[in-house]
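Inspection log for the structure reproduced underneath, given as structure tokens.
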Amino acid sequence: MTQSLPGQRPVRDRGFGGRAGLPVVVVGAGPYGLSVAAHLRAAGVPVRIFGQVMGSWRHAMATGMFLKSTPDAVDLSTPEPGGRLADFRRLHGEPELTELTPIPCEVFVRYGTWFQKRHVGDVDPARVVAVDRAPSGGGFLVRLDDGRELRSAAVVVATGLNGLAHVPGELGRLAPEGPGAGALVSHTSHHTDLSPFADRRVAVVGGGQSALESAALLHEAGADVRVLVRAPRVRWGMRPQSARSWAERVARPASPLGTGWVLAAVCTGPAAVRRLPAPARMLLFRRALGPSGGWWLRERVEGVVPVRTSCRVLRADTDGSGTRLELAVAGRSAVLDVDHVLAATGYRLDLDAMAFLTPGVRGALARVPGSNAPRLSAGFESSVPGLHFTGSLAAPAFGPMLRFVAGTEFAAARVARHLARSLAAR
């Protein structure tokens, strides 16, 4: 039992048979890991959760960033009442957030930390460095970065996008030892503070929220910024309407990911999405939500930061101090000299990049055709019995809602129900 703090309920692990009483190990303490752990503990399943609480939200987001999602789409999930963002705000005497109130990332981090203390209990900050199948008796051997090892009945991978940042090859060659904050090219996930780029020339590559918000923050910090977008135009979200007519609601139904029938369908039925043929699922995964900027960000970028659309980086060279980018802009050649390139080029779901899964485990994982993401059962179990995946890595199986916090309720409830039943039967 963990010690109670103000606004926190004590968390108990109820008795549970399972495989000789071994715990379920949850790898990752972000929204999905915390939600899964909360559901498992509520079901009486012994659970150990490892990682820094809200680690990616603390260390892979620049200071001053906001969530793109609206308040009704960022609740973490617990089967007990009182775990919503609105509950956190109310208990701390903070005003309720509305659709017209962008949520600062630091508020979301505080909410996640409160949720952990109230609904999850202890989280071990150690990093999981190896997950392998146990040599006998089933289950897994889990090794931590401090040298500890433990047996587990099952493992739930909830690492989010950690380690999956994608930097295109034509940019990656600027940093032979790897992109990073101190190299000529970095990924947006490498930065918590963009102020060191003041008075420097920075090219931001990408056209989504991360690119556009990073460009705004860089400009506001005093950098000379250029945004390079492959698409013919920048897409912006629509300002939420507090009241919509019946006809508007029918034509474009609301969902946690936005308005429209496609988004409403994938949010209502992730289980149905999983039953679609793999090519249809991958089409939804790639196209249901294209790159765009939040409606509230537009005034900080449009007409403020130079943006080149229909622009591709063909080549990047350096003399050791700066970088020259050779561009194709609307079919014409152009050159841009900068001091740094910031890649806001997203993430690639790649099981082979998950070094903490041993080669034997990775090699036994069946993949979703057309991707390098795991094929999953209705209970989020992979082809390796007892090994489960949630969050973005589950999106090619269950649809794009699993890329967002809005998917935590569906995923956590399913994983916990599946594990409670399967472990009790052993």
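In the structure tokens, each chain is lettered A, B, ... as it comes, each chain's residues begin at 1, and ligands are numbered from 1 in order of appearance.
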#### Entry: DSSP alpha helix (DSSP H) residues within region 157-211 of chain A, as a list in words
Gly169, Glu170, Leu171, Gly172, Gln209, Ser210 and Ala211 of chain A
Those same residues - N, CA, C and O atoms - I'd like them written as a CSV table (one decimal), in the first residue's frame.
```csv
chain,number,residue,atom,x,y,z
A,169,GLY,N,17.0,10.7,-44.2
A,169,GLY,CA,18.4,10.4,-44.5
A,169,GLY,C,19.1,11.6,-45.1
A,169,GLY,O,20.3,11.8,-44.7
A,170,GLU,N,18.5,12.4,-45.9
A,170,GLU,CA,19.2,13.6,-46.4
A,170,GLU,C,19.6,14.6,-45.4
A,170,GLU,O,20.4,15.5,-45.6
A,171,LEU,N,18.9,14.6,-44.2
A,171,LEU,CA,19.3,15.4,-43.1
A,171,LEU,C,20.2,14.7,-42.1
A,171,LEU,O,21.1,15.3,-41.5
A,172,GLY,N,20.0,13.4,-41.9
A,172,GLY,CA,20.8,12.7,-41.0
A,172,GLY,C,22.3,12.7,-41.3
A,172,GLY,O,23.1,12.6,-40.4
A,209,GLN,N,1.8,20.1,-36.4
A,209,GLN,CA,1.8,20.9,-35.2
A,209,GLN,C,3.2,21.1,-34.6
A,209,GLN,O,3.5,22.2,-34.2
A,210,SER,N,4.0,20.0,-34.5
A,210,SER,CA,5.3,20.2,-33.9
A,210,SER,C,6.1,21.2,-34.7
A,210,SER,O,6.8,22.0,-34.1
A,211,ALA,N,6.1,21.1,-36.0
A,211,ALA,CA,6.9,22.0,-36.8
A,211,ALA,C,6.4,23.5,-36.6
A,211,ALA,O,7.2,24.4,-36.4
```
### Task
For each of A:Thr63, A:Gly269, A:Asp352, A:Arg173, take the minimum atom-to-atom distance to Ala221 (chain A), counting only C-alpha atoms, then give the residue where this is smallest.
A:Thr63
Per-residue nearest contacts region 182-214 of chain A to region 300-311 of chain A, cut-off 12 Å, using only C-alpha atoms, as JSON lines:
```
{"residue": "A:Val202", "atom": "CA", "partner": "A:Pro306", "partner_atom": "CA", "distance": 11.4}
{"residue": "A:Ala203", "atom": "CA", "partner": "A:Val307", "partner_atom": "CA", "distance": 9.9}
{"residue": "A:Val204", "atom": "CA", "partner": "A:Val307", "partner_atom": "CA", "distance": 9.3}
{"residue": "A:Val205", "atom": "CA", "partner": "A:Cys311", "partner_atom": "CA", "distance": 9.4}
{"residue": "A:Gly206", "atom": "CA", "partner": "A:Cys311", "partner_atom": "CA", "distance": 9.7}
{"residue": "A:Gly207", "atom": "CA", "partner": "A:Thr309", "partner_atom": "CA", "distance": 8.7}
{"residue": "A:Gln209", "atom": "CA", "partner": "A:Val301", "partner_atom": "CA", "distance": 11.1}
{"residue": "A:Ala211", "atom": "CA", "partner": "A:Val301", "partner_atom": "CA", "distance": 10.5}
{"residue": "A:Leu212", "atom": "CA", "partner": "A:Val301", "partner_atom": "CA", "distance": 7.0}
{"residue": "A:Glu213", "atom": "CA", "partner": "A:Val301", "partner_atom": "CA", "distance": 8.0}
{"residue": "A:Ser214", "atom": "CA", "partner": "A:Val301", "partner_atom": "CA", "distance": 10.0}
```
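Distances here use only C-alpha atoms; by that measure, the residue among A:Glu381, A:Glu326, A:Asp124, A:Glu409 closest to Glu80 (chain A) is A:Glu409.
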Region 23-35 of chain A environment, 8 Å, only C-alpha atoms, sequence neighbours closer than 3 positions dropped, as an mmCIF file with N, CA, C and O atoms, in the first residue's frame:
```cif
data_model
loop_
_atom_site.group_PDB
_atom_site.id
_atom_site.type_symbol
_atom_site.label_atom_id
_atom_site.label_comp_id
_atom_site.auth_asym_id
_atom_site.auth_seq_id
_atom_site.Cartn_x
_atom_site.Cartn_y
_atom_site.Cartn_z
ATOM 1 N N ALA A 38 -3.417 1.556 -13.696
ATOM 2 C CA ALA A 38 -4.585 1.866 -12.878
ATOM 3 C C ALA A 38 -5.669 0.805 -13.049
ATOM 4 O O ALA A 38 -6.297 0.366 -12.071
ATOM 5 N N HIS A 39 -5.906 0.368 -14.278
ATOM 6 C CA HIS A 39 -6.929 -0.656 -14.529
ATOM 7 C C HIS A 39 -6.499 -2.010 -13.975
ATOM 8 O O HIS A 39 -7.330 -2.754 -13.431
ATOM 9 N N VAL A 45 -4.794 -7.211 -10.150
ATOM 10 C CA VAL A 45 -3.637 -7.841 -10.775
ATOM 11 C C VAL A 45 -2.359 -7.178 -10.253
ATOM 12 O O VAL A 45 -2.221 -5.958 -10.353
ATOM 13 N N PRO A 46 -1.421 -7.951 -9.674
ATOM 14 C CA PRO A 46 -0.158 -7.349 -9.235
ATOM 15 C C PRO A 46 0.562 -6.714 -10.424
ATOM 16 O O PRO A 46 0.667 -7.322 -11.498
ATOM 17 N N VAL A 47 1.059 -5.505 -10.242
ATOM 18 C CA VAL A 47 1.663 -4.795 -11.358
ATOM 19 C C VAL A 47 2.858 -4.006 -10.883
ATOM 20 O O VAL A 47 2.850 -3.441 -9.787
ATOM 21 N N ARG A 48 3.911 -3.995 -11.692
ATOM 22 C CA ARG A 48 5.075 -3.133 -11.476
ATOM 23 C C ARG A 48 5.208 -2.255 -12.718
ATOM 24 O O ARG A 48 5.191 -2.755 -13.851
ATOM 25 N N ILE A 49 5.341 -0.959 -12.501
ATOM 26 C CA ILE A 49 5.447 -0.028 -13.622
ATOM 27 C C ILE A 49 6.784 0.689 -13.534
ATOM 28 O O ILE A 49 7.180 1.170 -12.460
ATOM 29 N N PHE A 50 7.490 0.761 -14.660
ATOM 30 C CA PHE A 50 8.834 1.319 -14.702
ATOM 31 C C PHE A 50 8.903 2.484 -15.693
ATOM 32 O O PHE A 50 8.289 2.455 -16.760
ATOM 33 N N GLY A 51 9.690 3.500 -15.327
ATOM 34 C CA GLY A 51 9.901 4.649 -16.204
ATOM 35 C C GLY A 51 9.708 5.947 -15.441
ATOM 36 O O GLY A 51 9.247 5.953 -14.299
ATOM 37 N N GLN A 52 10.059 7.045 -16.060
ATOM 38 C CA GLN A 52 9.836 8.352 -15.475
ATOM 39 C C GLN A 52 8.385 8.762 -15.724
ATOM 40 O O GLN A 52 7.911 8.695 -16.859
ATOM 41 N N VAL A 53 7.708 9.180 -14.683
ATOM 42 C CA VAL A 53 6.306 9.562 -14.814
ATOM 43 C C VAL A 53 6.187 10.733 -15.790
ATOM 44 O O VAL A 53 6.836 11.764 -15.623
ATOM 45 N N MET A 54 5.401 10.534 -16.845
ATOM 46 C CA MET A 54 5.188 11.541 -17.891
ATOM 47 C C MET A 54 6.529 11.978 -18.499
ATOM 48 O O MET A 54 6.721 13.140 -18.871
ATOM 49 N N GLY A 55 7.463 11.024 -18.616
ATOM 50 C CA GLY A 55 8.823 11.355 -19.026
ATOM 51 C C GLY A 55 8.927 12.052 -20.367
ATOM 52 O O GLY A 55 9.613 13.070 -20.494
ATOM 53 N N SER A 56 8.269 11.523 -21.397
ATOM 54 C CA SER A 56 8.359 12.150 -22.719
ATOM 55 C C SER A 56 7.735 13.538 -22.717
ATOM 56 O O SER A 56 8.212 14.447 -23.400
ATOM 57 N N TRP A 57 6.678 13.714 -21.941
ATOM 58 C CA TRP A 57 6.029 15.022 -21.871
ATOM 59 C C TRP A 57 6.892 16.022 -21.125
ATOM 60 O O TRP A 57 6.781 17.231 -21.331
ATOM 61 N N LEU A 76 -6.786 10.709 -18.724
ATOM 62 C CA LEU A 76 -6.248 9.386 -18.497
ATOM 63 C C LEU A 76 -7.370 8.499 -17.972
ATOM 64 O O LEU A 76 -8.410 8.998 -17.531
ATOM 65 N N SER A 77 -7.174 7.193 -18.028
ATOM 66 C CA SER A 77 -8.290 6.285 -17.750
ATOM 67 C C SER A 77 -8.085 5.473 -16.479
ATOM 68 O O SER A 77 -7.016 4.902 -16.251
ATOM 69 N N THR A 78 -9.112 5.433 -15.665
ATOM 70 C CA THR A 78 -9.184 4.567 -14.496
ATOM 71 C C THR A 78 -10.633 4.122 -14.346
ATOM 72 O O THR A 78 -11.541 4.893 -14.661
ATOM 73 N N GLY A 112 -0.893 14.361 -14.993
ATOM 74 C CA GLY A 112 -0.436 12.979 -15.042
ATOM 75 C C GLY A 112 0.244 12.546 -13.754
ATOM 76 O O GLY A 112 0.068 11.407 -13.293
ATOM 77 N N PHE A 115 -2.457 12.012 -11.204
ATOM 78 C CA PHE A 115 -3.162 10.771 -11.520
ATOM 79 C C PHE A 115 -2.362 9.579 -11.011
ATOM 80 O O PHE A 115 -2.919 8.644 -10.427
ATOM 81 N N GLN A 116 -1.057 9.608 -11.215
ATOM 82 C CA GLN A 116 -0.200 8.510 -10.759
ATOM 83 C C GLN A 116 -0.293 8.340 -9.242
ATOM 84 O O GLN A 116 -0.466 7.228 -8.729
ATOM 85 N N VAL A 120 -2.513 5.125 -9.246
ATOM 86 C CA VAL A 120 -1.536 4.098 -9.630
ATOM 87 C C VAL A 120 -0.653 3.687 -8.462
ATOM 88 O O VAL A 120 -0.441 2.513 -8.207
ATOM 89 N N VAL A 123 5.740 4.204 -8.770
ATOM 90 C CA VAL A 123 6.326 3.960 -10.086
ATOM 91 C C VAL A 123 7.840 3.909 -9.908
ATOM 92 O O VAL A 123 8.425 4.817 -9.324
ATOM 93 N N VAL A 128 13.921 0.064 -18.173
ATOM 94 C CA VAL A 128 13.982 -1.332 -18.605
ATOM 95 C C VAL A 128 14.946 -1.432 -19.787
ATOM 96 O O VAL A 128 14.776 -0.745 -20.796
ATOM 97 N N ARG A 151 11.237 -11.501 -12.538
ATOM 98 C CA ARG A 151 10.357 -12.311 -13.382
ATOM 99 C C ARG A 151 9.001 -11.634 -13.442
ATOM 100 O O ARG A 151 8.539 -11.023 -12.476
ATOM 101 N N SER A 152 8.350 -11.761 -14.573
ATOM 102 C CA SER A 152 7.000 -11.220 -14.709
ATOM 103 C C SER A 152 6.123 -12.220 -15.436
ATOM 104 O O SER A 152 6.597 -12.996 -16.272
ATOM 105 N N ALA A 153 4.834 -12.182 -15.106
ATOM 106 C CA ALA A 153 3.886 -13.058 -15.776
ATOM 107 C C ALA A 153 3.587 -12.578 -17.178
ATOM 108 O O ALA A 153 3.308 -13.367 -18.079
ATOM 109 N N ALA A 154 3.618 -11.259 -17.375
ATOM 110 C CA ALA A 154 3.328 -10.649 -18.676
ATOM 111 C C ALA A 154 3.987 -9.279 -18.704
ATOM 112 O O ALA A 154 4.376 -8.730 -17.669
ATOM 113 N N VAL A 155 4.109 -8.726 -19.897
ATOM 114 C CA VAL A 155 4.713 -7.400 -20.080
ATOM 115 C C VAL A 155 3.804 -6.571 -20.979
ATOM 116 O O VAL A 155 3.300 -7.070 -21.997
ATOM 117 N N VAL A 156 3.594 -5.321 -20.586
ATOM 118 C CA VAL A 156 2.839 -4.370 -21.404
ATOM 119 C C VAL A 156 3.801 -3.255 -21.810
ATOM 120 O O VAL A 156 4.334 -2.547 -20.955
ATOM 121 N N VAL A 157 4.028 -3.112 -23.104
ATOM 122 C CA VAL A 157 4.907 -2.059 -23.621
ATOM 123 C C VAL A 157 4.061 -0.813 -23.858
ATOM 124 O O VAL A 157 3.162 -0.800 -24.698
ATOM 125 N N ALA A 158 4.374 0.240 -23.093
ATOM 126 C CA ALA A 158 3.636 1.505 -23.192
ATOM 127 C C ALA A 158 4.646 2.650 -23.253
ATOM 128 O O ALA A 158 4.550 3.626 -22.506
ATOM 129 N N THR A 159 5.613 2.514 -24.143
ATOM 130 C CA THR A 159 6.725 3.469 -24.216
ATOM 131 C C THR A 159 6.437 4.653 -25.122
ATOM 132 O O THR A 159 7.312 5.498 -25.335
ATOM 133 N N GLY A 160 5.223 4.732 -25.659
ATOM 134 C CA GLY A 160 4.899 5.858 -26.530
ATOM 135 C C GLY A 160 5.786 5.888 -27.759
ATOM 136 O O GLY A 160 6.066 4.865 -28.384
ATOM 137 N N THR A 390 0.603 -1.064 -26.327
ATOM 138 C CA THR A 390 -0.459 -0.059 -26.353
ATOM 139 C C THR A 390 0.081 1.233 -26.962
ATOM 140 O O THR A 390 1.251 1.349 -27.290
ATOM 141 N N GLY A 391 -0.796 2.219 -27.089
ATOM 142 C CA GLY A 391 -0.382 3.512 -27.609
ATOM 143 C C GLY A 391 -0.131 3.473 -29.097
ATOM 144 O O GLY A 391 -0.733 2.686 -29.842
ATOM 145 N N VAL A 405 -3.990 10.471 -26.590
ATOM 146 C CA VAL A 405 -4.395 10.162 -25.221
ATOM 147 C C VAL A 405 -5.832 9.674 -25.180
ATOM 148 O O VAL A 405 -6.203 8.874 -24.313
ATOM 149 N N THR A 408 -6.667 5.973 -24.394
ATOM 150 C CA THR A 408 -6.266 5.258 -23.186
ATOM 151 C C THR A 408 -7.407 4.435 -22.578
ATOM 152 O O THR A 408 -7.178 3.333 -22.083
ATOM 153 N N GLU A 409 -8.623 4.961 -22.596
ATOM 154 C CA GLU A 409 -9.727 4.232 -21.970
ATOM 155 C C GLU A 409 -9.982 2.908 -22.668
ATOM 156 O O GLU A 409 -10.114 1.855 -22.024
ATOM 157 N N ALA A 411 -7.911 1.169 -24.632
ATOM 158 C CA ALA A 411 -6.766 0.266 -24.531
ATOM 159 C C ALA A 411 -6.596 -0.286 -23.125
ATOM 160 O O ALA A 411 -6.422 -1.495 -22.929
ATOM 161 N N ALA A 412 -6.631 0.579 -22.111
ATOM 162 C CA ALA A 412 -6.373 0.131 -20.745
ATOM 163 C C ALA A 412 -7.416 -0.870 -20.276
ATOM 164 O O ALA A 412 -7.092 -1.877 -19.638
#
```
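Proximity of A:Ala316, A:Leu97, A:Ala366, A:Val338 to Leu174 (chain A), computed with only C-alpha atoms, is greatest for A:Ala316.
Using only C-alpha atoms, the residues found no farther than 7 Å from Ala73 (chain A), other than those of its own chain fewer than 2 positions away, are A:Ser69, A:Thr70, A:Pro71, A:Asp75, A:Pro256, A:Val405, A:Ala406.
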Export all heavy atoms of the chosen residues as a compact mmCIF listing (two decimals), in the first residue's frame?
```
# COMPACT_ATOMS: atom_id res chain seq x y z
N SER A 69 -4.83 18.66 -28.57
CA SER A 69 -6.13 18.08 -28.25
C SER A 69 -6.93 18.98 -27.33
O SER A 69 -6.37 19.79 -26.58
CB SER A 69 -5.95 16.71 -27.58
OG SER A 69 -5.26 15.81 -28.43
N THR A 70 -8.24 18.82 -27.36
CA THR A 70 -9.13 19.57 -26.49
C THR A 70 -9.25 18.87 -25.13
O THR A 70 -8.91 17.69 -25.01
CB THR A 70 -10.52 19.69 -27.13
OG1 THR A 70 -11.01 18.38 -27.45
CG2 THR A 70 -10.46 20.52 -28.41
N PRO A 71 -9.73 19.56 -24.09
CA PRO A 71 -9.78 18.98 -22.75
C PRO A 71 -10.55 17.67 -22.65
O PRO A 71 -10.20 16.81 -21.83
CB PRO A 71 -10.45 20.08 -21.91
CG PRO A 71 -10.09 21.35 -22.61
CD PRO A 71 -10.10 21.00 -24.07
N ASP A 75 -8.15 12.94 -21.07
CA ASP A 75 -8.31 12.27 -19.78
C ASP A 75 -7.57 10.94 -19.77
O ASP A 75 -7.72 10.13 -20.69
CB ASP A 75 -9.79 12.01 -19.48
CG ASP A 75 -10.56 13.28 -19.17
OD1 ASP A 75 -9.94 14.24 -18.67
OD2 ASP A 75 -11.78 13.32 -19.44
N PRO A 256 -13.34 12.76 -30.40
CA PRO A 256 -12.17 13.28 -29.68
C PRO A 256 -11.05 13.77 -30.58
O PRO A 256 -10.21 14.55 -30.14
CB PRO A 256 -11.71 12.06 -28.85
CG PRO A 256 -12.92 11.23 -28.69
CD PRO A 256 -13.70 11.41 -29.96
N VAL A 405 -3.99 10.47 -26.59
CA VAL A 405 -4.39 10.16 -25.22
C VAL A 405 -5.83 9.67 -25.18
O VAL A 405 -6.20 8.87 -24.31
CB VAL A 405 -4.20 11.41 -24.32
CG1 VAL A 405 -4.66 11.11 -22.90
CG2 VAL A 405 -2.74 11.86 -24.33
N ALA A 406 -6.65 10.12 -26.12
CA ALA A 406 -8.06 9.71 -26.15
C ALA A 406 -8.23 8.20 -26.22
O ALA A 406 -9.30 7.68 -25.86
CB ALA A 406 -8.76 10.37 -27.33
```
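Counting from CA of Pro374 (chain A), the distance to CA of Leu351 (chain A) is 7.3 Å.
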Excluding Arg287 (chain A) and any residue of its chain fewer than 3 positions from it, enumerate the residues within 12 Å of it, using only C-alpha atoms, and give them as a PDB file with C-alpha atoms, in the first residue's frame.
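What landed in out-v8.pdb:
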```pdb
ATOM      1  CA  VAL A 262     -14.309   9.079 -40.668  1.00  0.00           C
ATOM      2  CA  LEU A 263     -12.884  10.366 -37.394  1.00  0.00           C
ATOM      3  CA  ALA A 280      -7.565  -0.572 -45.209  1.00  0.00           C
ATOM      4  CA  ARG A 281      -6.235  -0.157 -41.689  1.00  0.00           C
ATOM      5  CA  MET A 282      -2.937   1.203 -42.933  1.00  0.00           C
ATOM      6  CA  LEU A 283      -4.767   3.652 -45.201  1.00  0.00           C
ATOM      7  CA  LEU A 284      -6.727   4.915 -42.193  1.00  0.00           C
ATOM      8  CA  GLY A 290      -2.787  14.494 -41.876  1.00  0.00           C
ATOM      9  CA  PRO A 291      -0.314  17.120 -40.619  1.00  0.00           C
ATOM     10  CA  PRO A 396      -1.839   0.153 -37.155  1.00  0.00           C
ATOM     11  CA  GLY A 399      -6.725   2.790 -35.801  1.00  0.00           C
ATOM     12  CA  PRO A 400      -5.489   6.350 -35.360  1.00  0.00           C
TER      13      PRO A 400
END
```
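In this comparison, which uses only C-alpha atoms, the residue of A:Thr268, A:Thr345, A:Thr113, A:Ser195 approaching Glu220 (chain A) most closely is A:Ser195.
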### Query
Which residue gives the smallest distance to Met354 (chain A) among A:Leu100, A:Leu161, A:Leu218, A:Ser186, with only C-alpha atoms counted?
A:Leu161
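CA of Phe88 (chain A) lies 29.3 Å from CA of Ala216 (chain A).
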